[in-house]
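The file target-v3.txt comes next; it holds compact mmCIF, C-alpha atoms.
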```txt
# COMPACT_ATOMS: atom_id res chain seq x y z
CA MET U 1 91.92 68.93 3.28
CA LYS U 2 92.70 67.10 6.52
CA ARG U 3 96.31 68.40 6.45
CA THR U 4 95.18 71.96 5.91
CA TYR U 5 92.74 71.69 8.81
CA ILE U 6 95.47 70.33 11.17
CA PHE U 7 97.89 73.05 9.97
CA ILE U 8 95.36 75.82 10.67
CA ILE U 9 94.59 74.49 14.17
CA THR U 10 98.31 74.17 14.94
CA ALA U 11 98.95 77.73 13.72
CA ILE U 12 96.09 79.09 15.85
CA ILE U 13 97.36 77.28 18.96
CA ALA U 14 100.92 78.55 18.35
CA ALA U 15 99.70 82.11 17.84
CA MET U 16 97.59 82.02 21.01
CA GLY U 17 100.52 80.60 22.96
CA ALA U 18 102.80 83.36 21.69
CA LEU U 19 100.26 86.05 22.58
CA VAL U 20 99.78 84.67 26.08
CA ALA U 21 103.54 84.38 26.58
CA CYS U 22 104.12 87.95 25.40
CA HIS U 23 101.33 89.24 27.62
CA GLU U 24 102.83 87.53 30.68
CA ASN U 25 106.29 88.88 29.88
CA ILE U 26 104.97 92.43 29.58
CA ILE U 27 103.24 92.14 32.95
CA ASP U 28 106.33 90.63 34.57
CA GLU U 29 108.59 93.35 33.18
CA THR U 30 106.39 96.16 34.46
CA GLN U 31 106.40 94.71 37.98
CA TYR U 32 110.13 93.94 38.05
CA ASP U 33 112.03 96.46 40.19
CA GLY U 34 115.50 95.35 39.09
CA GLN U 35 116.32 93.37 42.24
CA GLU U 36 116.21 89.62 42.49
CA ASP U 37 114.02 88.23 45.31
CA THR U 38 116.23 85.87 47.30
CA GLY U 39 113.65 85.21 50.00
CA PHE U 40 115.93 86.67 52.70
CA LYS U 41 115.46 89.89 54.58
CA ASP U 42 118.44 92.19 54.69
CA ILE U 43 118.72 91.93 58.47
CA GLN U 44 121.23 89.65 60.09
CA ILE U 45 120.32 87.93 63.33
CA THR U 46 122.36 86.33 66.09
CA ASN U 47 121.29 83.00 67.54
CA LYS U 48 122.71 80.71 70.17
CA ILE U 49 123.01 77.06 69.16
CA GLU U 50 123.18 74.37 71.85
CA ILE U 51 124.82 71.17 70.68
CA LYS U 52 123.59 67.95 72.25
CA ASP U 53 123.98 64.20 71.69
CA LEU U 54 127.68 64.22 70.79
CA PRO U 55 129.84 61.35 72.02
CA ASN U 56 132.54 62.18 74.56
CA ASN U 57 135.43 61.50 72.17
CA TYR U 58 134.89 64.72 70.17
CA GLU U 59 137.17 67.68 70.71
CA VAL U 60 134.79 70.62 70.78
CA SER U 61 137.53 72.86 69.40
CA ASP U 62 137.53 70.77 66.18
CA LEU U 63 133.82 71.30 65.54
CA LYS U 64 132.36 74.03 63.37
CA ILE U 65 128.88 75.11 62.35
CA LEU U 66 128.20 75.99 58.73
CA SER U 67 125.40 78.44 57.99
CA LEU U 68 124.40 80.87 55.24
CA SER U 69 126.76 83.46 56.67
CA GLY U 70 129.78 81.16 56.78
CA GLU U 71 131.55 79.10 59.39
CA GLU U 72 131.47 79.49 63.18
CA THR U 73 133.42 77.69 65.90
CA VAL U 74 131.87 75.90 68.86
CA ASP U 75 132.55 77.10 72.41
CA ILE U 76 133.88 74.78 75.10
CA ASP U 77 130.44 74.56 76.72
CA GLY U 78 128.97 73.12 73.51
CA THR U 79 127.29 76.29 72.28
CA SER U 80 127.91 78.60 69.40
CA LYS U 81 126.64 82.01 68.41
CA ILE U 82 125.89 82.24 64.73
CA ILE U 83 125.00 85.15 62.52
CA THR U 84 122.43 84.26 59.87
CA TYR U 85 119.48 85.82 58.07
CA GLU U 86 115.74 85.90 58.54
CA GLY U 87 113.87 84.81 55.47
CA GLN U 88 110.84 83.31 53.81
CA PHE U 89 112.26 79.79 53.93
CA PRO U 90 113.71 77.69 56.77
CA GLN U 91 117.48 77.62 56.98
CA ILE U 92 119.87 74.76 57.54
CA LEU U 93 122.80 74.57 59.95
CA LEU U 94 125.44 71.86 59.68
CA LEU U 95 127.82 70.66 62.40
CA THR U 96 131.05 69.21 61.01
CA ASN U 97 134.25 67.86 62.52
CA SER U 98 137.86 68.60 61.54
CA ASN U 99 137.57 66.15 58.61
CA ASP U 100 134.50 68.04 57.32
CA GLU U 101 132.28 65.06 58.09
CA LEU U 102 128.68 65.95 58.82
CA LEU U 103 127.73 65.09 62.41
CA LEU U 104 124.48 66.91 63.20
CA MET U 105 122.06 69.28 61.51
CA ALA U 106 119.32 71.72 62.40
CA ARG U 107 116.74 73.29 60.16
CA GLY U 108 114.26 75.92 61.11
CA ASP U 109 112.88 79.41 61.07
CA PHE U 110 115.44 81.30 63.15
CA HIS U 111 114.76 84.64 64.85
CA GLU U 112 116.89 87.16 66.71
CA GLY U 113 117.99 86.11 70.18
CA GLU U 114 116.56 82.59 70.09
CA THR U 115 118.39 79.57 71.45
CA ASN U 116 118.15 76.65 69.05
CA GLU U 117 119.20 73.06 69.53
CA MET U 118 121.32 70.87 67.30
CA SER U 119 120.75 67.24 68.25
CA VAL U 120 119.87 63.80 66.89
CA ARG U 121 116.21 64.89 66.85
CA SER U 122 116.92 68.12 64.95
CA THR U 123 119.05 66.14 62.51
CA ALA U 124 116.26 63.65 61.81
CA ILE U 125 113.77 66.50 61.30
CA ALA U 126 116.18 68.32 58.98
CA LEU U 127 116.80 65.22 56.88
CA VAL U 128 113.10 64.60 56.32
CA THR U 129 112.12 68.23 55.72
CA MET U 130 114.93 68.72 53.19
CA HIS U 131 113.32 66.16 50.86
CA PRO U 132 112.48 67.95 47.59
CA ALA U 133 108.76 67.33 48.10
CA LEU U 134 108.87 69.14 51.46
CA SER U 135 111.74 71.61 51.16
CA GLY U 136 109.67 74.38 49.59
CA VAL U 137 107.58 74.96 52.70
CA LYS U 138 107.83 78.58 53.79
CA SER U 139 108.99 79.61 57.25
CA HIS U 140 105.56 80.54 58.59
CA MET U 141 104.31 76.97 57.88
CA TYR U 142 107.47 75.09 58.84
CA TYR U 143 106.35 74.36 62.42
CA LYS U 144 103.33 72.45 61.04
CA LEU U 145 105.57 70.39 58.77
CA GLU U 146 107.87 69.68 61.70
CA GLN U 147 104.88 68.50 63.75
CA LEU U 148 103.74 66.15 60.96
CA VAL U 149 107.22 64.69 60.65
CA THR U 150 107.69 64.06 64.37
CA GLU U 151 104.25 62.42 64.67
CA SER U 152 105.05 59.91 61.93
CA PRO U 153 105.43 56.30 63.16
CA ALA U 154 108.70 55.96 61.21
CA PHE U 155 110.28 59.01 62.84
CA LEU U 156 111.41 57.22 66.01
CA GLU U 157 113.18 54.58 63.94
CA LEU U 158 115.02 57.28 61.97
CA GLU U 159 116.05 58.96 65.23
CA GLU U 160 117.40 55.67 66.57
CA VAL U 161 119.49 55.06 63.45
CA ILE U 162 121.00 58.55 63.56
CA ALA U 163 121.62 58.27 67.32
CA GLU U 164 123.49 54.99 66.83
CA LEU U 165 125.67 56.48 64.09
CA VAL U 166 126.45 59.59 66.13
CA GLU U 167 127.22 57.50 69.21
CA ASN U 168 129.68 55.42 67.15
CA GLY U 169 131.33 58.56 65.77
CA GLN U 170 130.12 57.91 62.23
CA THR U 171 128.65 60.35 59.79
CA PHE U 172 125.17 59.60 58.43
CA VAL U 173 126.09 60.75 54.93
CA ASN U 174 128.64 59.26 52.60
CA PRO U 175 131.24 61.96 51.86
```
Could you express the structure from this file as C-alpha cells?
Amino acid sequence: MKRTYIFIITAIIAAMGALVACHENIIDETQYDGQEDTGFKDIQITNKIEIKDLPNNYEVSDLKILSLSGEETVDIDGTSKIITYEGQFPQILLLTNSNDELLLMARGDFHEGETNEMSVRSTAIALVTMHPALSGVKSHMYYKLEQLVTESPAFLELEEVIAELVENGQTFVNP
C-alpha cells in the first residue's frame, strides 16, 4: 500500500511538471520572433580611448586594443578610436602588446562620441566587475556597481598591485 501511494504521488508530480513545462514552451514559442536576442543594438558607435599609466619602455606602435568589433591600433599620442556596439551589458576592452600579453583593460557602458580611459584604475574596476557574481549587471546599472567597487577598502590595494605590475612591464594574468 505504501509503495502504491508513493508511486501515485510521483506520477502526479511528474504529470504536473510535464504540463507546466509544455505550457511554458507554448508561451515561449508564440513570443519567439525567430531572432536571437544578443543584448546588442544593431548600431555601431565610435569611441576615443585614452591610454594612461603605461611605462615609457612600450612602443605605442606595438600596442593594440581588442574589442567586440575586432582589433584596433593605438595612435602615437596614446589614443585609439574603436568601433563597438551599444548594448544591454557593459563591454570589455583589452590592451595587449606585440606578444599578446594583457596590459590594461576597460569595462563600461560605451556611447557614441565618448572619450573613455584605459588605465590602472579602469583595469582594477574591470577585473572586479567581471567576476561571475557581478558580470551580469546591465549597462544602466553598471555605474552603481562601479561606485560600489571603487568605494571598497580593498580597491586601493588592488590598484597598487596592478600599478606595480604595469610599471615593471609585467602582465597581471598568466598567459
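The space between CA of Leu104 in chain U and CA of Ile83 in chain U spans 18.3 Å.
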One-decimal distance in Å that lies between CA of Val74 in chain U and CA of Glu50 in chain U: 9.3 Å
Shortest interatomic distance to Thr150 in chain U - which of U:Ala163, U:Ala133, U:Ala126, U:Leu63, counting only C-alpha atoms: U:Ala126
Nearest residue to Phe172 in chain U from the set U:Pro153, U:Glu101, U:Phe110, U:Gln147 (distances using only C-alpha atoms): U:Glu101
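With distances restricted to only C-alpha atoms, U:Thr73 is the closest residue to Ser98 in chain U from U:Asn116, U:Ser152, U:Asn56, U:Thr73.
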Selected residue of minimal separation from Val161 in chain U among U:Ala124, U:Val60, U:Phe89, U:Thr129, counting all atoms listed in the file: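 Closest to Val161 in chain U, using all atoms listed in the file: U:Ala124.
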